[in-house]
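Asker: Compact mmCIF, C-alpha atoms, file structure-v6.txt:
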```
# COMPACT_ATOMS: atom_id res chain seq x y z
CA MET A 1 103.90 111.30 84.40
CA GLU A 2 101.22 111.01 87.07
CA LYS A 3 102.05 112.87 90.27
CA ALA A 4 100.78 112.52 93.82
CA THR A 5 99.40 116.03 94.17
CA HIS A 6 96.92 116.65 96.93
CA LEU A 7 98.56 118.18 99.95
CA GLU A 8 97.21 121.68 100.20
CA ASN A 9 93.54 120.73 100.31
CA VAL A 10 94.32 117.75 102.54
CA ARG A 11 96.44 119.58 105.08
CA SER A 12 93.67 121.52 106.88
CA THR A 13 93.61 118.84 109.54
CA CYS A 14 92.09 119.38 112.97
CA LYS A 15 90.00 122.50 113.16
CA MET A 16 88.82 122.39 116.77
CA ALA A 17 89.91 118.99 118.00
CA GLU A 18 92.27 118.56 120.92
CA PRO A 19 94.32 115.49 121.76
CA CYS A 20 92.61 113.31 124.33
CA THR A 21 94.38 112.87 127.64
CA THR A 22 91.89 110.79 129.61
CA MET A 23 91.30 107.72 127.53
CA THR A 24 92.65 104.36 128.55
CA ASN A 25 94.02 102.55 131.53
CA ALA A 26 97.70 102.91 132.27
CA GLU A 27 98.42 99.41 131.00
CA ASP A 28 97.06 100.40 127.59
CA ARG A 29 99.58 103.18 127.22
CA HIS A 30 103.05 102.95 125.78
CA LYS A 31 104.91 105.96 127.13
CA GLY A 32 102.28 108.38 125.98
CA GLY A 33 101.06 106.44 122.96
CA VAL A 34 98.16 104.06 122.79
CA THR A 35 98.85 100.37 122.43
CA VAL A 36 96.90 99.08 119.47
CA ARG A 37 95.75 95.50 120.00
CA PRO A 38 93.70 93.35 117.61
CA SER A 39 90.38 92.33 119.13
CA SER A 40 89.47 88.67 119.53
CA GLN A 41 86.52 89.27 117.20
CA GLN A 42 88.84 90.60 114.56
CA GLN A 43 90.72 87.33 114.27
CA SER A 44 87.65 85.52 112.97
CA SER A 45 86.15 88.42 111.07
CA SER A 46 86.12 88.38 107.29
CA ASN A 47 85.00 92.00 107.02
CA SER A 48 88.42 93.63 107.10
CA GLN A 49 89.80 94.59 103.72
CA SER A 50 93.28 93.48 104.68
CA ASP A 51 95.47 92.77 107.67
CA GLY A 52 99.04 93.04 108.87
CA GLY A 53 100.91 96.22 109.67
CA SER A 54 101.37 99.41 107.74
CA ILE A 55 104.06 99.85 105.07
CA ALA A 56 107.20 99.83 107.22
CA GLY A 57 109.81 101.08 104.77
CA LEU A 58 111.59 100.52 101.49
CA LEU A 59 113.63 97.56 100.29
CA ILE A 60 116.19 98.76 97.76
CA HIS A 61 116.85 96.40 94.86
CA PRO A 62 119.29 94.79 94.16
CA THR A 63 121.24 95.51 97.38
CA ASN A 64 118.30 94.57 99.68
CA GLU A 65 119.08 97.60 101.83
CA LYS A 66 116.26 98.41 104.24
CA MET A 67 115.35 102.07 104.54
CA SER A 68 112.83 103.95 106.67
CA ILE A 69 110.24 106.14 104.98
CA TYR A 70 111.81 109.30 106.43
CA GLN A 71 115.30 108.26 105.31
CA ALA A 72 113.99 107.57 101.80
CA PHE A 73 112.48 111.06 101.77
CA ARG A 74 115.80 112.60 102.84
CA LYS A 75 117.59 110.66 100.07
CA LYS A 76 114.98 111.85 97.54
CA LEU A 77 113.83 108.31 96.73
CA LEU A 78 110.28 109.34 97.65
CA PRO A 79 108.58 112.66 96.87
CA PRO A 80 107.95 114.70 100.07
CA GLU A 81 104.15 114.36 99.83
CA THR A 82 104.37 110.57 99.32
CA ALA A 83 106.73 110.15 102.28
CA LEU A 84 104.47 112.24 104.51
CA LEU A 85 101.38 110.23 103.54
CA LEU A 86 103.14 106.94 104.31
CA LEU A 87 104.41 108.26 107.66
CA GLU A 88 100.93 109.54 108.53
CA ALA A 89 99.55 106.08 107.70
CA GLN A 90 102.05 104.58 110.19
CA ALA A 91 101.10 107.09 112.89
CA ALA A 92 97.37 106.56 112.25
CA THR A 93 97.70 102.78 112.68
CA GLY A 94 99.67 102.80 115.91
CA PHE A 95 103.40 103.42 115.54
CA ILE A 96 106.22 104.92 113.54
CA ILE A 97 108.39 102.04 112.31
CA ASP A 98 112.16 101.76 112.00
CA PRO A 99 112.49 98.83 109.57
CA VAL A 100 116.22 98.46 110.22
CA THR A 101 115.98 97.93 113.99
CA GLU A 102 112.34 96.70 113.79
CA GLN A 103 111.35 99.23 116.46
CA LYS A 104 107.76 100.47 116.60
CA LEU A 105 107.49 103.72 118.50
CA PRO A 106 104.96 106.48 119.25
CA VAL A 107 105.63 109.73 117.40
CA ASP A 108 107.35 111.42 120.39
CA GLU A 109 109.79 108.54 120.86
CA ALA A 110 110.36 108.21 117.12
CA LEU A 111 111.54 111.83 117.06
CA GLN A 112 113.87 111.23 120.02
CA ALA A 113 115.25 108.10 118.34
CA GLY A 114 115.93 110.00 115.10
CA ILE A 115 113.54 107.86 113.04
CA ILE A 116 111.72 111.03 111.98
CA GLY A 117 112.70 114.71 111.92
CA SER A 118 111.20 117.83 113.41
CA ASP A 119 109.98 118.88 109.95
CA VAL A 120 107.25 116.19 110.00
CA TYR A 121 106.77 115.90 113.77
CA ASN A 122 103.66 118.08 114.17
CA LYS A 123 101.90 116.53 111.19
CA LEU A 124 102.53 113.05 112.56
CA LEU A 125 101.27 114.05 116.00
CA ALA A 126 98.05 115.13 114.30
CA ALA A 127 97.82 111.79 112.46
CA GLU A 128 98.46 109.89 115.70
CA LYS A 129 95.19 111.25 117.08
CA ALA A 130 93.48 108.75 114.77
CA VAL A 131 94.69 106.19 117.33
CA SER A 132 94.47 108.10 120.61
CA GLY A 133 91.16 109.78 119.80
CA TYR A 134 89.82 113.34 119.71
CA ARG A 135 88.14 115.38 122.43
CA ASP A 136 84.65 116.49 121.54
CA PRO A 137 84.61 120.18 122.60
CA SER A 138 80.86 120.07 123.27
CA THR A 139 80.87 117.02 125.58
CA GLY A 140 84.47 116.46 126.58
CA ASN A 141 84.15 112.82 125.50
CA THR A 142 86.76 110.89 123.54
CA ILE A 143 85.60 110.28 119.99
CA SER A 144 87.02 108.37 117.04
CA LEU A 145 88.48 109.78 113.85
CA PHE A 146 85.27 109.08 111.93
CA GLN A 147 83.15 110.76 114.60
CA ALA A 148 85.48 113.77 114.57
CA MET A 149 85.03 113.97 110.78
CA LYS A 150 81.24 113.85 111.16
CA LYS A 151 81.43 116.75 113.62
CA ASP A 152 83.71 118.71 111.25
CA LEU A 153 86.55 118.58 113.75
CA VAL A 154 88.76 116.93 111.11
CA ALA A 155 88.75 117.74 107.39
CA SER A 156 87.07 114.91 105.48
CA SER A 157 89.73 114.62 102.75
CA TYR A 158 92.46 114.34 105.39
CA GLY A 159 90.60 111.89 107.61
CA MET A 160 89.72 109.60 104.74
CA HIS A 161 93.30 108.58 103.96
CA LEU A 162 93.92 107.86 107.65
CA LEU A 163 90.79 105.67 107.79
CA GLU A 164 91.92 104.00 104.58
CA ALA A 165 95.23 103.03 106.20
CA GLN A 166 93.42 101.61 109.25
CA LEU A 167 91.13 99.50 107.06
CA ALA A 168 94.10 98.20 105.05
CA THR A 169 95.88 97.09 108.22
CA GLY A 170 93.10 95.22 109.95
CA GLY A 171 90.19 97.49 110.84
CA ILE A 172 89.01 100.78 112.29
CA ILE A 173 90.70 101.69 115.58
CA ASP A 174 88.45 102.32 118.55
CA PRO A 175 90.41 104.83 120.70
CA VAL A 176 88.44 103.98 123.86
CA SER A 177 89.08 100.22 123.82
CA SER A 178 92.46 100.72 122.14
CA HIS A 179 92.22 98.10 119.43
CA GLN A 180 91.12 97.55 115.84
CA ILE A 181 87.63 96.18 115.47
CA PRO A 182 85.65 94.47 112.67
CA LEU A 183 83.57 96.68 110.44
CA GLU A 184 80.21 95.36 111.72
CA VAL A 185 81.21 96.21 115.30
CA ALA A 186 82.41 99.65 114.18
CA TYR A 187 79.00 100.24 112.57
CA GLN A 188 77.19 99.20 115.74
CA GLN A 189 79.33 101.50 117.91
CA GLY A 190 78.87 104.45 115.55
CA ILE A 191 82.59 104.94 114.97
CA PHE A 192 82.25 104.09 111.27
CA ASP A 193 79.39 103.59 108.80
CA PRO A 194 78.65 101.53 105.66
CA GLU A 195 78.48 104.63 103.47
CA MET A 196 82.06 105.66 104.31
CA ASN A 197 83.23 102.07 103.92
CA LYS A 198 81.68 102.00 100.44
CA VAL A 199 83.55 105.18 99.49
CA LEU A 200 86.86 103.81 100.78
CA SER A 201 86.29 100.38 99.21
CA ASN A 202 85.78 101.88 95.76
CA PRO A 203 88.44 104.58 95.45
CA THR A 204 88.37 106.88 92.44
CA ASN A 205 91.35 108.45 90.70
CA ASP A 206 90.67 111.61 92.74
CA THR A 207 91.00 109.74 96.05
CA LYS A 208 93.98 107.58 95.08
CA ILE A 209 96.82 109.60 96.57
CA PHE A 210 99.50 107.02 97.45
CA PHE A 211 102.24 107.19 94.83
CA ASP A 212 104.13 104.13 93.52
CA PRO A 213 107.56 105.42 92.41
CA ASN A 214 108.20 102.27 90.35
CA THR A 215 105.18 102.58 88.05
CA GLN A 216 104.54 106.32 88.53
CA GLU A 217 100.92 105.58 89.48
CA ASN A 218 98.65 106.99 92.17
CA LEU A 219 97.01 104.17 94.12
CA SER A 220 94.87 103.55 97.17
CA TYR A 221 96.78 102.58 100.33
CA LEU A 222 95.53 99.00 100.07
CA GLU A 223 96.65 98.74 96.44
CA LEU A 224 100.12 100.02 97.32
CA LYS A 225 100.31 97.66 100.29
CA GLN A 226 99.42 94.72 98.06
CA ARG A 227 102.44 95.57 95.93
CA CYS A 228 104.73 95.22 98.94
CA THR A 229 106.63 92.18 100.14
CA THR A 230 106.39 90.90 103.72
CA GLU A 231 109.56 89.88 105.51
CA SER A 232 109.03 86.39 106.95
CA HIS A 233 110.91 86.71 110.24
CA SER A 234 109.74 90.21 111.25
CA GLY A 235 106.36 90.41 109.52
CA LEU A 236 107.26 93.92 108.32
CA CYS A 237 105.84 95.12 105.02
CA PHE A 238 108.33 96.61 102.52
CA LEU A 239 107.82 98.50 99.27
CA ILE A 240 110.50 97.31 96.83
CA ILE A 241 112.24 100.18 95.05
CA THR A 242 114.02 99.27 91.82
CA ASP A 243 117.47 100.46 90.83
CA LYS A 244 115.78 102.40 88.03
CA VAL A 245 114.15 104.64 90.65
CA VAL A 246 117.37 104.88 92.67
CA LYS A 247 119.30 105.99 89.56
CA GLY A 248 116.52 108.34 88.46
CA VAL A 249 116.05 106.58 85.11
CA GLN A 250 113.02 107.87 83.18
CA ILE A 251 111.31 105.50 80.75
CA SER A 252 109.63 107.44 77.94
CA THR A 253 106.46 106.02 76.44
CA ASP A 254 103.28 107.22 74.83
CA GLU A 255 100.13 107.38 76.94
CA GLN A 256 98.21 104.96 74.71
CA SER A 257 100.74 102.13 75.09
CA LYS A 258 100.91 102.81 78.82
CA MET A 259 97.12 102.50 79.19
CA ILE A 260 97.06 99.27 77.17
CA PHE A 261 99.75 97.77 79.43
CA LYS A 262 97.82 98.91 82.53
CA LYS A 263 94.68 97.11 81.32
CA ALA A 264 96.47 93.85 80.44
CA PHE A 265 96.76 91.34 83.29
CA VAL A 266 99.49 88.78 83.92
CA SER A 267 99.44 85.62 86.02
CA VAL A 268 102.91 84.58 87.19
CA ASN A 269 103.41 81.23 88.94
CA SER A 270 106.63 82.09 90.76
CA GLY A 271 108.30 84.93 92.61
CA ARG A 272 106.61 87.71 94.53
CA PHE A 273 103.81 88.02 91.96
CA SER A 274 102.78 84.40 92.49
CA GLY A 275 99.10 84.07 93.30
CA ARG A 276 98.37 87.68 92.33
CA ARG A 277 96.66 89.07 89.25
CA VAL A 278 98.86 91.99 88.27
CA THR A 279 98.97 94.41 85.38
CA LEU A 280 101.59 94.11 82.68
CA TRP A 281 102.63 97.69 83.49
CA GLU A 282 103.40 96.78 87.11
CA VAL A 283 105.31 93.66 86.09
CA ILE A 284 107.62 95.28 83.53
CA ASN A 285 108.39 98.12 85.96
CA SER A 286 109.35 95.68 88.71
CA GLU A 287 112.83 94.68 89.87
CA TYR A 288 112.83 91.78 87.39
CA PHE A 289 113.44 94.00 84.36
CA THR A 290 116.05 96.59 83.42
CA ALA A 291 115.32 99.99 81.89
CA GLU A 292 116.66 98.68 78.57
CA GLN A 293 114.27 95.73 78.61
CA ILE A 294 111.29 97.97 79.42
CA SER A 295 112.19 100.35 76.58
CA GLU A 296 112.51 97.39 74.21
CA PHE A 297 109.08 96.02 75.18
CA LEU A 298 107.44 99.40 74.64
CA THR A 299 109.26 100.21 71.41
CA GLU A 300 108.60 96.81 69.82
CA PHE A 301 104.92 97.08 70.78
CA LYS A 302 104.55 100.62 69.45
CA LEU A 303 106.17 99.63 66.14
CA GLY A 304 103.81 96.66 65.82
CA LYS A 305 106.64 94.12 65.98
CA THR A 306 105.08 92.32 68.93
CA THR A 307 101.77 92.01 70.75
CA VAL A 308 100.65 92.32 74.36
CA GLU A 309 100.04 88.57 74.45
CA LYS A 310 103.61 87.82 73.32
CA ILE A 311 105.08 90.26 75.87
CA ILE A 312 103.00 88.62 78.63
CA THR A 313 104.37 85.20 77.66
CA MET A 314 107.90 86.60 77.51
CA VAL A 315 107.83 88.32 80.91
CA SER A 316 106.23 85.30 82.60
CA THR A 317 108.95 83.02 81.22
CA LEU A 318 111.74 85.43 82.19
CA ILE A 319 110.46 85.75 85.78
CA GLN A 320 110.23 81.97 86.12
CA GLN A 321 113.82 81.63 84.86
CA ILE A 322 115.06 84.32 87.27
CA GLU A 323 113.31 82.70 90.22
CA LYS A 324 114.66 79.27 89.23
CA GLU A 325 118.20 80.62 89.05
CA LYS A 326 117.84 82.13 92.53
CA LYS A 327 117.46 78.62 93.91
CA VAL A 328 120.59 77.39 92.14
CA ALA A 329 123.98 77.76 93.84
CA MET A 330 126.05 80.25 91.84
CA PHE A 331 129.80 80.93 92.03
CA HIS A 332 131.83 83.95 90.89
CA GLY A 333 134.04 82.92 87.97
CA LEU A 334 136.69 84.91 86.13
CA ARG A 335 134.26 86.92 83.98
CA ARG A 336 130.78 85.69 84.92
CA LYS A 337 128.85 83.59 87.37
CA VAL A 338 129.17 79.81 87.22
CA SER A 339 126.49 77.40 88.43
CA ALA A 340 127.06 74.34 90.60
CA GLN A 341 125.77 72.24 87.69
CA GLN A 342 128.53 73.63 85.45
CA LEU A 343 131.16 72.76 88.07
CA LEU A 344 129.73 69.24 88.26
CA ASP A 345 129.68 68.85 84.48
CA SER A 346 133.33 69.99 84.34
CA LYS A 347 134.19 67.47 87.10
CA ILE A 348 135.49 70.28 89.35
CA ILE A 349 133.14 69.08 92.09
CA ASP A 350 131.72 65.57 92.52
CA GLN A 351 128.11 64.39 92.81
CA LYS A 352 128.35 64.12 96.60
CA LEU A 353 129.39 67.75 97.02
CA TYR A 354 126.78 68.86 94.49
CA HIS A 355 124.01 67.22 96.53
CA LYS A 356 125.30 68.88 99.71
CA LEU A 357 124.99 72.24 97.97
CA GLU A 358 121.48 71.40 96.78
CA GLN A 359 120.38 70.44 100.29
CA GLY A 360 122.04 73.46 101.93
CA ILE A 361 124.39 71.29 103.99
CA THR A 362 127.40 73.01 102.40
CA SER A 363 127.48 76.71 101.46
CA VAL A 364 128.80 78.35 98.30
CA LYS A 365 131.41 80.13 100.44
CA GLU A 366 132.71 76.85 101.87
CA VAL A 367 133.01 75.26 98.42
CA THR A 368 134.69 78.36 96.98
CA GLU A 369 137.37 78.18 99.70
CA LEU A 370 138.38 74.68 98.59
CA LYS A 371 141.72 74.98 96.74
CA SER A 372 140.61 72.48 94.12
CA VAL A 373 137.65 74.72 93.27
CA ASP A 374 139.19 78.17 93.81
CA GLN A 375 141.97 77.63 91.26
CA TYR A 376 139.40 76.93 88.55
CA LEU A 377 137.15 79.87 89.50
CA THR A 378 139.82 82.53 89.96
CA GLY A 379 142.86 81.01 88.28
CA THR A 380 146.44 81.20 89.55
CA CYS A 381 148.62 84.27 89.37
CA SER A 382 149.96 85.02 85.89
CA ILE A 383 153.17 87.01 85.19
CA ALA A 384 151.99 90.54 85.92
CA GLY A 385 154.95 92.53 84.61
CA ILE A 386 158.69 93.21 84.64
CA LEU A 387 160.85 94.24 87.61
CA VAL A 388 164.06 96.00 86.47
CA GLU A 389 166.59 94.74 88.99
CA SER A 390 169.01 97.69 88.79
CA THR A 391 166.34 100.34 89.49
CA ASN A 392 163.52 98.29 91.09
CA GLU A 393 161.25 99.86 88.48
CA LYS A 394 158.00 98.00 87.80
CA MET A 395 156.91 97.84 84.21
CA SER A 396 153.97 96.33 82.31
CA ILE A 397 154.62 93.64 79.71
CA TYR A 398 153.60 96.00 76.90
CA GLN A 399 155.80 98.78 78.27
CA ALA A 400 158.78 96.41 78.42
CA MET A 401 158.19 95.39 74.81
CA LYS A 402 158.08 99.04 73.68
CA LYS A 403 161.39 99.66 75.49
CA HIS A 404 162.90 96.59 73.79
CA LEU A 405 163.42 94.78 77.06
CA LEU A 406 161.30 91.92 75.76
CA MET A 407 161.14 90.49 72.29
CA PRO A 408 157.83 91.13 70.50
```
Output the file's structure in the form of structure tokens.

Answerer:
Amino acid sequence: MEKATHLENVRSTCKMAEPCTTMTNAEDRHKGGVTVRPSSQQQSSSNSQSDGGSIAGLLIHPTNEKMSIYQAFRKKLLPPETALLLLEAQAATGFIIDPVTEQKLPVDEALQAGIIGSDVYNKLLAAEKAVSGYRDPSTGNTISLFQAMKKDLVASSYGMHLLEAQLATGGIIDPVSSHQIPLEVAYQQGIFDPEMNKVLSNPTNDTKIFFDPNTQENLSYLELKQRCTTESHSGLCFLIITDKVVKGVQISTDEQSKMIFKKAFVSVNSGRFSGRRVTLWEVINSEYFTAEQISEFLTEFKLGKTTVEKIITMVSTLIQQIEKEKKVAMFHGLRRKVSAQQLLDSKIIDQKLYHKLEQGITSVKEVTELKSVDQYLTGTCSIAGILVESTNEKMSIYQAMKKHLLMP
């Protein structure tokens, strides 16, 4: 298993730097934190590697429970070093995020609100300086994270993952003007340079320190962010965590098969992988597949009973079927789910009601509450047992038969 190990050499953070206190106008402050605004130039720039906010939290599958990074750490769904890196990325791009309430707060307020704990507070304050800026001890001027790294005020290995998070969320933050700016502008202002951008744009295995708990891989921040899903109404970015991770299920496989699956790419036309070129390893470890299915894929491949090409076809078809079924109205029957089409075929509902379900005019709940439908889905009450009148004793049918109160 690959592990996200890096912390000791990364944690020597600010050697001489002090937090800046004279930086922006009052209107650019948010109760002690700096308001990060996108520049007008940034909107039309094509130089940013990505855009949108930082990874806000986890989305637990299949319950769709939203969870903050700190909460996930406390529940042991994320390793401590992974949780800290993701929280530092939030702090270094503007705010600590509570994905449940959709609040975005400076580190101080996040602590007061209970979104983070005192055990990570100081580290996140240090990361927040990537937004508010550093004081150059020789001049007293406010300087950026990159400039502080160049002056050896911030350890390079530590500063790089903060810069990486800024690039992945829209651009380098200029602490003086209090907004993210395009790379070309950052070069001109001396708060970033092409050489550092080249390093961050081509991460090596040594610099990939953001851990994906689903695939057990170390990734760059941008790669991990690309594996997330964005909530439409809030715009928040969530890392989906499968029930396999929640339950602590370990999938055993040999390294050779794993590497082959990592090098094989899949194109899926539906679901959250639509429009993305993803590895077979990422796909089979997603929420679409159970631990048993993953083990079967790997075992069949190792034994030579199937090929990578056949598995790719299989997983693509299965994902399309799952996504198609999501769009179909499903009802809870006696032992399994029943589709609206099955109810129509059985003449339990008519064509008119079926079309209302299709168009979203009528909900599954409303149809289920109809007596004519409910009796077929749940049945009517059967004879549950025997009540002995003289003693008011309740007895199961089988018990009554054994006591000769009912004929076999």

Asker: Counting only C-alpha atoms, give me one row per residue of region 213-315 of chain A with an atom at most 10 Å from an atom of region 81-90 of chain A, showing the shortest contact pair and its distance in Å to one decimal, sorted by chain then residue number, as a Markdown table.

Answerer:
```
| residue | atom | partner | partner_atom | distance |
| --- | --- | --- | --- | --- |
| A:Pro213 | CA | A:Thr82 | CA | 9.2 |
| A:Asn218 | CA | A:Thr82 | CA | 9.8 |
| A:Tyr221 | CA | A:Ala89 | CA | 8.6 |
```

Asker: Edge lengths and centre in Å to one decimal, as AutoDock Vina command-line options, of the axis-aligned box that encloses all listed atoms of region 261-267 of chain A with 5 Å added on every side?

Answerer:
```
--center_x 97.2 --center_y 92.3 --center_z 82.7 --size_x 15.1 --size_y 23.3 --size_z 16.6
```

Asker: Would you mind reading off the distance between CA of Pro106 (chain A) and CA of Ala91 (chain A), one decimal, in Å?

Answerer: 7.5 Å

Asker: Just how far from CA of Ile143 (chain A) is CA of Leu105 (chain A), in Å to one decimal?

Answerer: 22.9 Å

Asker: Counting only C-alpha atoms, which of A:Thr391, A:Ser144, A:Thr207, A:Gln216 gets nearest to Val176 (chain A)?

Answerer: A:Ser144

Asker: Pick out the closest residue to Ala56 (chain A) from this set: A:Pro182, A:Gly140, A:Gly94, A:Gly190. Count all atoms listed in the file.

Answerer: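 With all atoms listed in the file as the atom set, the closest residue is A:Gly94.
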
Asker: Write out as a list of chain:residue names which residues come within 12 Å of region 403-405 of chain A when counting only C-alpha atoms, dropping same-chain ones fewer than 3 positions away.

Answerer: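 The residues that qualify are A:Gly385, A:Ile386, A:Leu387, A:Val388, A:Met395, A:Ser396, A:Ile397, A:Tyr398, A:Gln399, A:Ala400, A:Pro408.
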